Amino acid sequence: MMPLILAETGEENIIRRVGGSPEMKKHLEDLGFVAGGDVTVMNAIGGNLIVKIKGTRVAISREMAAKIMV
Amino acid sequence: MENKKLRIALAGNPNSGKTTLFNKLTGSNQFVGNWPGVTVEKKEGRLIVDKEVILTDLPGIYSLSPYTLEEVVARNYLIEEKPDAILNIVDATNLERNLYLTTQLTELGIPVVIALNMMDLVKKSGDSIHVKELSRQLGCRIVEISALKGDGVKEAATAAIEAAKNGKTIPQHSFSGPVEHALAHIEEVTVHNLPEERQRWYAIKLFERDEKVLEGLQITDEVKAHIENDIAAAEKELDDDAESIITNERYIYIGQMLKGIYKKKGTGQLTVSDKIDKIVTNRILALPIFVVVMFLVYALSMGTSIADGGVSIGTFLTDWTNDVLGGAWLTDGSRAILEGWGVAPWLVGLISDGIFAGVGAVLGFVPQMLVLFLMLCLLEDCGYMARIAFIMDRIFRRFGLSGKSFIPMLVATGCGIPGVMASRTIENERDRRMTVTTTTFMPCGAKMPIIGLIAGALFGGSTWVATSAYFIGVAAIVISGIMLKKTKMFAGDPAPFVMELPAYHLPAWGNVLRGTWERGWSFIKRAGTVIVISSIIIWFLTSFGTVNGRFGMVDDLYEDEEVVTDEYIAVVADRMGVPEDEVEPMDDSILARVAQPVSIVFKPLGFGDWKPTAATVTGLVAKEEVVANFGIMYAYDDQDGEEELEENGDQIWDRVSEDFDSFSGGHGKLAAYAFMIFNLLCAPCFAAMGAIKREMNSGKWTMFAIGYQCCFAWVIAFIVWQVGRLFAGGVNVIGLLLALVLLALIVWQLLKPYKEAQKLSVH
């Protein structure tokens with residue numbers, strides 16, 4: 001397992017675990033970041049990521065990406 | 001047959017085309033944006049196909065969880081108001097995510113009709129969706145539509161009306177064994193006395209330990225402990241917390257369902273939107289591209305006029321409005337006509353110099369505003385605005401703001417009101433308050449004339465004045481951000497950034513033009529109401545007054561030798577602190593009398609004279625008033641050459657320059673610059689203060705924001721004036737020392753180590 005920030009750009013990963021406070025976790029899950037789901041990092045700027053999740057593009061900050069384990 | 005009016009709720013994800021569909025269904029005027037949260041206000045309309053049916057546009061949401069404002073608004077409406085049907089718009093290009101909300105909506109016991117949007121795009125990409133099967137599996141009717149083109153919209157409306165009259169939606173999905181077991185128990189012990197069709201929703205929410213539902217149902221501690229056992233048992237068995245279990249199982253259910261329904265042709269290729277993002281949000285190119293885009297936006301709206309070899313259509317039209325429409329036609333034209341009719345001179349003055357001059361000053365920059373708003377709406381509609389927030393996030397984070405704060409600031413360069421309102425997209429309350437407090441530091445359109453006046457009158461039209469105004473605005477936001485972040489109220493990291501990036505698409509011109517017009521129209525409306533009224537009031541306050549005990553028009557009274565005696569002149573000169581030969585009729589006006597004592601506040605800033613004071617105070621009504629006021633006050637100084645006056649304002653500039661020089665002891669430029677800084681940074685106009693109050697939703701926070709803005713403006717102007725005189729000459733030692741102390745305090749606050757707050761307040 002590693003945090004999503006370390007994932008290769010363009011490579012599909014499976015989400016293992018979503019951490020963070022209950023609110024943050026729920027918010028991430030509502031956006032599609034659930035354990036078992038696929039996630040692909042499309043682009044990275046200074047640690048902030050654009051990821052492909054459930055067919056959409058979502059921008060997340062480094063702080064949040066660090067809580068998503070793949 | 002039925003007399004009761006039907007009510008239908010329109011629900012769907014952000015960026016699913018909901019607002020477009022709403023407009024097509026109701027024909028109402030509304031703006032469609034790309035960042036989540038634009039439609040946080042409740043909007044309703046009557047269906048075009050049946051005027052008796054009311055459609056409510058719910059905010060764009062991903063889920064019915066209790067964590068964001070939009071979700072709470074939407075679900076409270078659905079639970080408490082119980083609409084007769086839900087029209088759920090689903091983006092077919094993004095089924096999985098959109099159906100996640102659908103599975104929750106079908107649990108509410110309200111008939112659901114799905115409007116499957118963007119099916120044309122799905123077909124175009126070669127994918128296919130088995131709509132009939134999807135409808136069967138979800139247990140609700142599906143109508144294929146294209147909200148943008150208007151295809152299928154009528155059918156969707158009719159289907160929703162039918163469902164509202166006699167439809168029923170029973171959720172078809174189920175959860176895993178342990179969850180269903182717990183749900184059955186919860187239903188039995190807690191919600192069996194509620195209407196049957198909503199029992200399931202309540203049971204699921206109780207399983208998720210949704211605090212808001214728990215509060216609402218008033219369940220005894222005993223029962224709570226009982227169901228807690230069931231929940232804990234399921235959690236143990238599935239090794240996850242209850243909320244995540246439900247979320248996960250929903251996605252699993254959707255994923256399995258779609259296997260047989262959604263046939264994908266393209267496999268993992270980069271979409272056009274992805275390719276654009278590769279460049280636009282590229283690590284190295286993102287900032288330069290952003291700078292170029294911003295430069296273009298401002299060059300087109302506010303840059304050098306096309307008449308002078310530039311590219312700005314906005315400036316060209318504004319020049320024309322100012323010179324021809326405002327100056328020649330409205331002011332001079334009305335004067336000529338009125339004088340031709342033999343109207344009393346005071347009335348000519350009121351109409352031409354009071355009303356038309358004031359309104360003309362505002363109308364002048366409407367074209368620039370419209371072009372700017374058009375550009376911003378375009379950026380928003382095509383999807384770039386959301387990327388800007390993403391690109392700016394890392395930079396803004398350094399001084400305690402989220403990237404989402406950037407959009408409000410960008411909009412505020414046009415007008416502070418939509419700017420403050422745009423702060424709604426920021427979920428975190430602390431970040432939102434900070435943004436609301438600092439956004440109006442940006443020089444808005446109405447502050448431009450102030451900058452223009454100061455630059456023209458005292459700095460020979462130098463462009464660095466305007467550039468420095470933007471710099472001051474941005475610096476004020478950055479400095480305030482860092483300083484406030486280190487106070488108790490605002491401590492804590494900015495909320496982590498998550499935001500859906502909609503796919504780029506060609507702008508929908510209808511939406512863009514509607515948005516531009518709505519923002520522009522609010523300006524024009526203000527010119528017609530607030531500005532007209534305040535122009536009349538200011539004209540009255542500067543024209544009338546008490547001279548030596550007699551009330552009347554000051555100009556007339558001053559011509560009366562019996563009233564204005566030499567002794568009286570001496571009294572006035574003493575009061576105003578000017579030599580006797582500089583006493584003017586206007587010194588006795590009501591405005592001068594009222595503003596004179598107030599001007600003490602601005603003495604330490606270098607412009608403690610009644611005219612700039614009056615202009616500043618009336619600037620709180622509307623910033624346009626500052627310049628309109630200068631126009632009125634300095635125009636009246638001159639009693640002989642009124643005809644020459646309206647030409648191009650140069651004469652007013654000369655007088656303003658002279659006046660600033662005379663009351664500041666020869667440091668007119670410095671005083672004028674301090675005046676400009678104060679007016680840029682102090683509390684915005686009434687309308688923007690109203691917007692701040694609405695967004696803060698708290699009298700205390702509103703007072704804080706306005707108080708902070710005024711104090712900050714005063715302190716910065718004070719430092720500039722006092723320290724500036726070190727170079728200009730005529731240092732005031734006490735003032736300088738005080739200024740240096742204040743400066744040191746600011747620097748100390750900026751550099752002091754930052755303490756992390758213990759509690760994250762999520763609203």
# chains A, B, ... in the order shown; residues from 1 in each chain; ligands from 1
>>> interface_residues(of="chain A", to="chain B", cutoff="9 Å", atoms="only C-alpha atoms", output="PDB file with N, CA and C atoms, in the first residue's frame")
ATOM      1  N   PRO A  22     -14.023  11.611   9.703  1.00  0.00           N
ATOM      2  CA  PRO A  22     -15.255  11.017   9.161  1.00  0.00           C
ATOM      3  C   PRO A  22     -15.874  11.867   8.042  1.00  0.00           C
ATOM      4  N   GLU A  23     -15.863  13.188   8.242  1.00  0.00           N
ATOM      5  CA  GLU A  23     -16.470  14.061   7.220  1.00  0.00           C
ATOM      6  C   GLU A  23     -15.705  13.961   5.913  1.00  0.00           C
ATOM      7  N   MET A  24     -14.384  14.056   6.029  1.00  0.00           N
ATOM      8  CA  MET A  24     -13.568  14.041   4.825  1.00  0.00           C
ATOM      9  C   MET A  24     -13.695  12.697   4.112  1.00  0.00           C
ATOM     10  N   LYS A  25     -13.706  11.640   4.930  1.00  0.00           N
ATOM     11  CA  LYS A  25     -13.802  10.300   4.372  1.00  0.00           C
ATOM     12  C   LYS A  25     -15.112  10.150   3.611  1.00  0.00           C
ATOM     13  N   LYS A  26     -16.193  10.592   4.235  1.00  0.00           N
ATOM     14  CA  LYS A  26     -17.508  10.461   3.610  1.00  0.00           C
ATOM     15  C   LYS A  26     -17.561  11.280   2.314  1.00  0.00           C
ATOM     16  N   HIS A  27     -16.979  12.469   2.374  1.00  0.00           N
ATOM     17  CA  HIS A  27     -16.997  13.333   1.199  1.00  0.00           C
ATOM     18  C   HIS A  27     -16.234  12.669   0.052  1.00  0.00           C
ATOM     19  N   LEU A  28     -15.073  12.122   0.378  1.00  0.00           N
ATOM     20  CA  LEU A  28     -14.287  11.425  -0.641  1.00  0.00           C
ATOM     21  C   LEU A  28     -15.053  10.228  -1.195  1.00  0.00           C
ATOM     22  N   GLU A  29     -15.727   9.506  -0.300  1.00  0.00           N
ATOM     23  CA  GLU A  29     -16.464   8.328  -0.747  1.00  0.00           C
ATOM     24  C   GLU A  29     -17.635   8.710  -1.631  1.00  0.00           C
ATOM     25  N   ASP A  30     -18.305   9.812  -1.275  1.00  0.00           N
ATOM     26  CA  ASP A  30     -19.421  10.273  -2.104  1.00  0.00           C
ATOM     27  C   ASP A  30     -18.949  10.648  -3.507  1.00  0.00           C
ATOM     28  N   LEU A  31     -17.700  11.117  -3.581  1.00  0.00           N
ATOM     29  CA  LEU A  31     -17.160  11.481  -4.887  1.00  0.00           C
ATOM     30  C   LEU A  31     -16.648  10.258  -5.652  1.00  0.00           C
ATOM     31  N   GLY A  32     -16.685   9.105  -5.032  1.00  0.00           N
ATOM     32  CA  GLY A  32     -16.301   7.890  -5.732  1.00  0.00           C
ATOM     33  C   GLY A  32     -15.028   7.233  -5.224  1.00  0.00           C
ATOM     34  N   VAL A  34     -13.848   4.987  -3.167  1.00  0.00           N
ATOM     35  CA  VAL A  34     -14.189   3.906  -2.240  1.00  0.00           C
ATOM     36  C   VAL A  34     -13.197   2.769  -2.405  1.00  0.00           C
ATOM     37  N   ALA A  35     -12.983   2.054  -1.310  1.00  0.00           N
ATOM     38  CA  ALA A  35     -12.064   0.922  -1.354  1.00  0.00           C
ATOM     39  C   ALA A  35     -12.537  -0.057  -2.420  1.00  0.00           C
ATOM     40  N   GLY A  36     -11.619  -0.540  -3.214  1.00  0.00           N
ATOM     41  CA  GLY A  36     -11.975  -1.476  -4.283  1.00  0.00           C
ATOM     42  C   GLY A  36     -12.183  -0.795  -5.620  1.00  0.00           C
ATOM     43  N   GLY A  37     -12.353   0.521  -5.603  1.00  0.00           N
ATOM     44  CA  GLY A  37     -12.578   1.252  -6.853  1.00  0.00           C
ATOM     45  C   GLY A  37     -11.267   1.544  -7.574  1.00  0.00           C
ATOM     46  N   MET A  42      -4.089  11.474 -13.413  1.00  0.00           N
ATOM     47  CA  MET A  42      -3.983  12.009 -14.761  1.00  0.00           C
ATOM     48  C   MET A  42      -2.880  13.052 -14.862  1.00  0.00           C
ATOM     49  N   ASN A  43      -2.696  13.794 -13.756  1.00  0.00           N
ATOM     50  CA  ASN A  43      -1.825  14.948 -13.803  1.00  0.00           C
ATOM     51  C   ASN A  43      -1.463  15.363 -12.384  1.00  0.00           C
ATOM     52  N   ALA A  44      -0.292  15.960 -12.215  1.00  0.00           N
ATOM     53  CA  ALA A  44       0.102  16.415 -10.880  1.00  0.00           C
ATOM     54  C   ALA A  44       0.771  17.776 -10.975  1.00  0.00           C
ATOM     55  N   ILE A  45       0.352  18.689 -10.121  1.00  0.00           N
ATOM     56  CA  ILE A  45       1.067  19.963  -9.991  1.00  0.00           C
ATOM     57  C   ILE A  45       1.401  20.154  -8.530  1.00  0.00           C
ATOM     58  N   GLY A  46       2.674  20.208  -8.220  1.00  0.00           N
ATOM     59  CA  GLY A  46       3.122  20.480  -6.855  1.00  0.00           C
ATOM     60  C   GLY A  46       2.430  19.628  -5.815  1.00  0.00           C
ATOM     61  N   GLY A  47       2.144  18.377  -6.138  1.00  0.00           N
ATOM     62  CA  GLY A  47       1.514  17.496  -5.159  1.00  0.00           C
ATOM     63  C   GLY A  47       0.003  17.438  -5.294  1.00  0.00           C
ATOM     64  N   ASN A  48      -0.602  18.491  -5.818  1.00  0.00           N
ATOM     65  CA  ASN A  48      -2.035  18.427  -6.108  1.00  0.00           C
ATOM     66  C   ASN A  48      -2.245  17.538  -7.330  1.00  0.00           C
ATOM     67  N   LEU A  49      -3.322  16.767  -7.290  1.00  0.00           N
ATOM     68  CA  LEU A  49      -3.532  15.795  -8.358  1.00  0.00           C
ATOM     69  C   LEU A  49      -4.838  16.021  -9.109  1.00  0.00           C
ATOM     70  N   ILE A  50      -4.830  15.653 -10.379  1.00  0.00           N
ATOM     71  CA  ILE A  50      -6.091  15.444 -11.084  1.00  0.00           C
ATOM     72  C   ILE A  50      -6.192  13.946 -11.293  1.00  0.00           C
ATOM     73  N   ILE A  53     -11.700   9.150 -11.647  1.00  0.00           N
ATOM     74  CA  ILE A  53     -12.389   8.275 -10.708  1.00  0.00           C
ATOM     75  C   ILE A  53     -13.836   8.131 -11.160  1.00  0.00           C
ATOM     76  N   LYS A  54     -14.305   6.917 -11.271  1.00  0.00           N
ATOM     77  CA  LYS A  54     -15.675   6.654 -11.709  1.00  0.00           C
ATOM     78  C   LYS A  54     -16.001   7.441 -12.976  1.00  0.00           C
ATOM     79  N   GLY A  55     -15.044   7.521 -13.881  1.00  0.00           N
ATOM     80  CA  GLY A  55     -15.311   8.162 -15.167  1.00  0.00           C
ATOM     81  C   GLY A  55     -15.226   9.677 -15.176  1.00  0.00           C
ATOM     82  N   THR A  56     -15.034  10.321 -14.009  1.00  0.00           N
ATOM     83  CA  THR A  56     -14.907  11.779 -14.033  1.00  0.00           C
ATOM     84  C   THR A  56     -13.522  12.203 -13.589  1.00  0.00           C
ATOM     85  N   ARG A  57     -13.245  13.490 -13.798  1.00  0.00           N
ATOM     86  CA  ARG A  57     -11.961  14.036 -13.364  1.00  0.00           C
ATOM     87  C   ARG A  57     -12.195  14.850 -12.098  1.00  0.00           C
ATOM     88  N   VAL A  58     -11.419  14.537 -11.078  1.00  0.00           N
ATOM     89  CA  VAL A  58     -11.555  15.256  -9.819  1.00  0.00           C
ATOM     90  C   VAL A  58     -10.188  15.792  -9.424  1.00  0.00           C
ATOM     91  N   ALA A  59     -10.160  17.073  -9.026  1.00  0.00           N
ATOM     92  CA  ALA A  59      -8.922  17.664  -8.525  1.00  0.00           C
ATOM     93  C   ALA A  59      -8.893  17.499  -7.019  1.00  0.00           C
ATOM     94  N   ILE A  60      -7.786  16.974  -6.491  1.00  0.00           N
ATOM     95  CA  ILE A  60      -7.663  16.882  -5.032  1.00  0.00           C
ATOM     96  C   ILE A  60      -6.299  17.400  -4.597  1.00  0.00           C
ATOM     97  N   SER A  61      -6.284  17.969  -3.394  1.00  0.00           N
ATOM     98  CA  SER A  61      -5.022  18.505  -2.891  1.00  0.00           C
ATOM     99  C   SER A  61      -4.157  17.377  -2.334  1.00  0.00           C
ATOM    100  N   ARG A  62      -2.891  17.719  -2.157  1.00  0.00           N
ATOM    101  CA  ARG A  62      -1.936  16.730  -1.678  1.00  0.00           C
ATOM    102  C   ARG A  62      -2.371  16.128  -0.344  1.00  0.00           C
ATOM    103  N   GLU A  63      -2.904  17.025   0.544  1.00  0.00           N
ATOM    104  CA  GLU A  63      -3.323  16.575   1.872  1.00  0.00           C
ATOM    105  C   GLU A  63      -4.335  15.443   1.766  1.00  0.00           C
ATOM    106  N   MET A  64      -5.264  15.579   0.808  1.00  0.00           N
ATOM    107  CA  MET A  64      -6.293  14.555   0.670  1.00  0.00           C
ATOM    108  C   MET A  64      -5.747  13.317  -0.020  1.00  0.00           C
TER     109      MET A  64
END
>>> select_by_dssp(residues="region 12-229 of chain B", states="strand (DSSP E or B)", output="mmCIF file with C-alpha atoms, in the first residue's frame")
data_model
loop_
_atom_site.group_PDB
_atom_site.id
_atom_site.type_symbol
_atom_site.label_atom_id
_atom_site.label_comp_id
_atom_site.auth_asym_id
_atom_site.auth_seq_id
_atom_site.Cartn_x
_atom_site.Cartn_y
_atom_site.Cartn_z
ATOM 1 C CA GLY B 12 -28.873 15.833 -9.831
ATOM 2 C CA LYS B 43 -35.041 28.396 -7.367
ATOM 3 C CA GLU B 44 -38.491 27.595 -8.493
ATOM 4 C CA GLY B 45 -40.410 27.922 -11.720
ATOM 5 C CA ARG B 46 -43.611 26.854 -13.384
ATOM 6 C CA ILE B 54 -44.100 23.999 -9.737
ATOM 7 C CA LEU B 55 -40.557 22.827 -10.301
ATOM 8 C CA THR B 56 -37.966 23.345 -7.568
ATOM 9 C CA ASP B 57 -34.316 23.368 -8.569
ATOM 10 C CA ALA B 85 -42.108 13.621 -7.615
ATOM 11 C CA ILE B 86 -38.366 13.909 -8.168
ATOM 12 C CA LEU B 87 -37.022 14.532 -11.640
ATOM 13 C CA ASN B 88 -33.483 13.202 -11.382
ATOM 14 C CA ILE B 89 -31.169 14.395 -14.121
ATOM 15 C CA VAL B 90 -28.440 11.855 -14.806
ATOM 16 C CA ASP B 91 -25.360 12.510 -16.927
ATOM 17 C CA VAL B 112 -38.518 9.282 -9.251
ATOM 18 C CA VAL B 113 -38.264 9.905 -12.993
ATOM 19 C CA ILE B 114 -34.821 9.913 -14.553
ATOM 20 C CA ALA B 115 -33.920 12.383 -17.275
ATOM 21 C CA LEU B 116 -30.945 10.716 -18.930
ATOM 22 C CA ASN B 117 -28.937 13.664 -20.229
ATOM 23 C CA SER B 128 -24.264 2.109 -25.700
ATOM 24 C CA ILE B 129 -26.640 2.036 -22.749
ATOM 25 C CA ARG B 141 -39.019 5.570 -15.651
ATOM 26 C CA ILE B 142 -36.195 6.944 -17.806
ATOM 27 C CA VAL B 143 -36.535 9.604 -20.486
ATOM 28 C CA GLU B 144 -33.580 10.279 -22.795
ATOM 29 C CA SER B 146 -30.429 16.536 -24.381
ATOM 30 C CA ASP B 151 -34.582 17.224 -27.057
#
>>> select_by_dssp(residues="chain A", states="helix (DSSP H, G or I)", output="PyMOL selection string")
chain A and resi 4-6+22-30+62-65
>>> residues_around(residues="Ile68 (chain A)", least_positions_apart="2", cutoff="6 Å", atoms="only C-alpha atoms", output="list of chain:residue names")
A:Pro3, A:Leu4, A:Val18, A:Ala65, A:Ala66
>>> atom_distance(atom1="CA of Ser599 (chain B)", atom2="CA of Gly631 (chain B)")
19.2 Å
>>> closest_residue(among="B:Asp381, B:Ile569, B:Gly152, B:Phe459", to="Trp653 (chain B)", atoms="only C-alpha atoms")
B:Phe459
>>> residues_around(residues="Phe686 (chain B)", least_positions_apart="2", cutoff="10 Å", atoms="only C-alpha atoms", output="list in words")
Ile417, Val530, Gly619, Leu620, Val621, Ala622, Lys623, Ala683, Pro684, Ala688, Met689, Gly690, Ala691 and Ile692 of chain B
>>> residues_around(residues="Lys265 (chain B)", least_positions_apart="3", cutoff="9 Å", atoms="only C-alpha atoms", output="MDAnalysis selection string")
chainID B and resid 125:128
>>> atom_distance(atom1="CA of Gln722 (chain B)", atom2="CA of Glu658 (chain B)")
20.7 Å
>>> atom_distance(atom1="CA of Val70 (chain A)", atom2="CA of Ile15 (chain A)")
4.4 Å
>>> residues_around(residues="region 541-557 of chain B", least_positions_apart="4", cutoff="9 Å", atoms="only C-alpha atoms", output="short mmCIF file (atom, residue, chain, number, x, y, z; two decimals) with N, CA and C atoms, in the first residue's frame")
data_model
loop_
_atom_site.label_atom_id
_atom_site.label_comp_id
_atom_site.auth_asym_id
_atom_site.auth_seq_id
_atom_site.Cartn_x
_atom_site.Cartn_y
_atom_site.Cartn_z
N TRP B 346 -31.71 76.53 -10.80
CA TRP B 346 -31.41 75.51 -9.78
C TRP B 346 -31.87 74.14 -10.22
N ILE B 536 -29.04 63.11 -6.16
CA ILE B 536 -29.95 64.22 -5.80
C ILE B 536 -29.63 64.71 -4.39
N ILE B 537 -29.45 63.75 -3.48
CA ILE B 537 -29.20 64.13 -2.09
C ILE B 537 -27.89 64.92 -1.99
N GLU B 561 -24.42 90.92 -0.16
CA GLU B 561 -23.38 91.55 0.68
C GLU B 561 -23.82 91.69 2.13
N VAL B 563 -25.58 89.60 3.83
CA VAL B 563 -25.47 88.34 4.57
C VAL B 563 -24.00 87.99 4.78
N VAL B 564 -23.26 88.04 3.70
CA VAL B 564 -21.85 87.64 3.79
C VAL B 564 -21.00 88.87 4.09
N THR B 565 -20.90 89.17 5.34
CA THR B 565 -20.10 90.32 5.74
C THR B 565 -18.64 89.91 5.88
N TYR B 568 -18.09 87.78 8.76
CA TYR B 568 -18.58 86.41 8.59
C TYR B 568 -17.57 85.57 7.81
N GLU B 584 -15.22 79.72 0.07
CA GLU B 584 -16.15 79.54 -1.04
C GLU B 584 -17.56 79.37 -0.50
N PRO B 585 -18.55 79.61 -1.37
CA PRO B 585 -19.93 79.42 -0.92
C PRO B 585 -20.16 78.01 -0.39
N MET B 586 -19.51 77.04 -1.03
CA MET B 586 -19.79 75.66 -0.65
C MET B 586 -19.30 75.33 0.75
N ASP B 587 -18.39 76.15 1.29
CA ASP B 587 -17.93 75.91 2.66
C ASP B 587 -19.07 76.01 3.66
N ASP B 588 -20.15 76.66 3.24
CA ASP B 588 -21.29 76.79 4.13
C ASP B 588 -22.38 75.76 3.84
N SER B 589 -22.14 74.91 2.85
CA SER B 589 -23.16 73.92 2.50
C SER B 589 -23.34 72.93 3.64
N ILE B 590 -24.48 72.28 3.62
CA ILE B 590 -24.75 71.30 4.68
C ILE B 590 -23.67 70.22 4.69
N LEU B 591 -23.29 69.79 3.48
CA LEU B 591 -22.31 68.71 3.38
C LEU B 591 -20.99 69.12 4.03
N ALA B 592 -20.54 70.37 3.76
CA ALA B 592 -19.28 70.83 4.34
C ALA B 592 -19.37 70.88 5.86
N ARG B 593 -20.53 71.36 6.34
CA ARG B 593 -20.70 71.47 7.79
C ARG B 593 -20.65 70.11 8.46
N ILE B 632 -19.34 66.91 -8.70
CA ILE B 632 -20.29 67.93 -8.22
C ILE B 632 -19.58 69.00 -7.40
N MET B 633 -18.72 68.57 -6.47
CA MET B 633 -18.11 69.53 -5.55
C MET B 633 -17.14 70.46 -6.25
N TYR B 636 -18.76 73.00 -8.90
CA TYR B 636 -19.44 74.16 -8.34
C TYR B 636 -18.47 75.24 -7.89
N GLN B 639 -17.68 79.46 -10.96
CA GLN B 639 -18.99 80.04 -11.22
C GLN B 639 -19.06 80.70 -12.59
#
>>> residues_around(residues="Gly456 (chain B)", least_positions_apart="5", cutoff="10 Å", atoms="only C-alpha atoms", output="ChimeraX atom specification")
/B:449-451,461-463,465,649-650,653-654,657
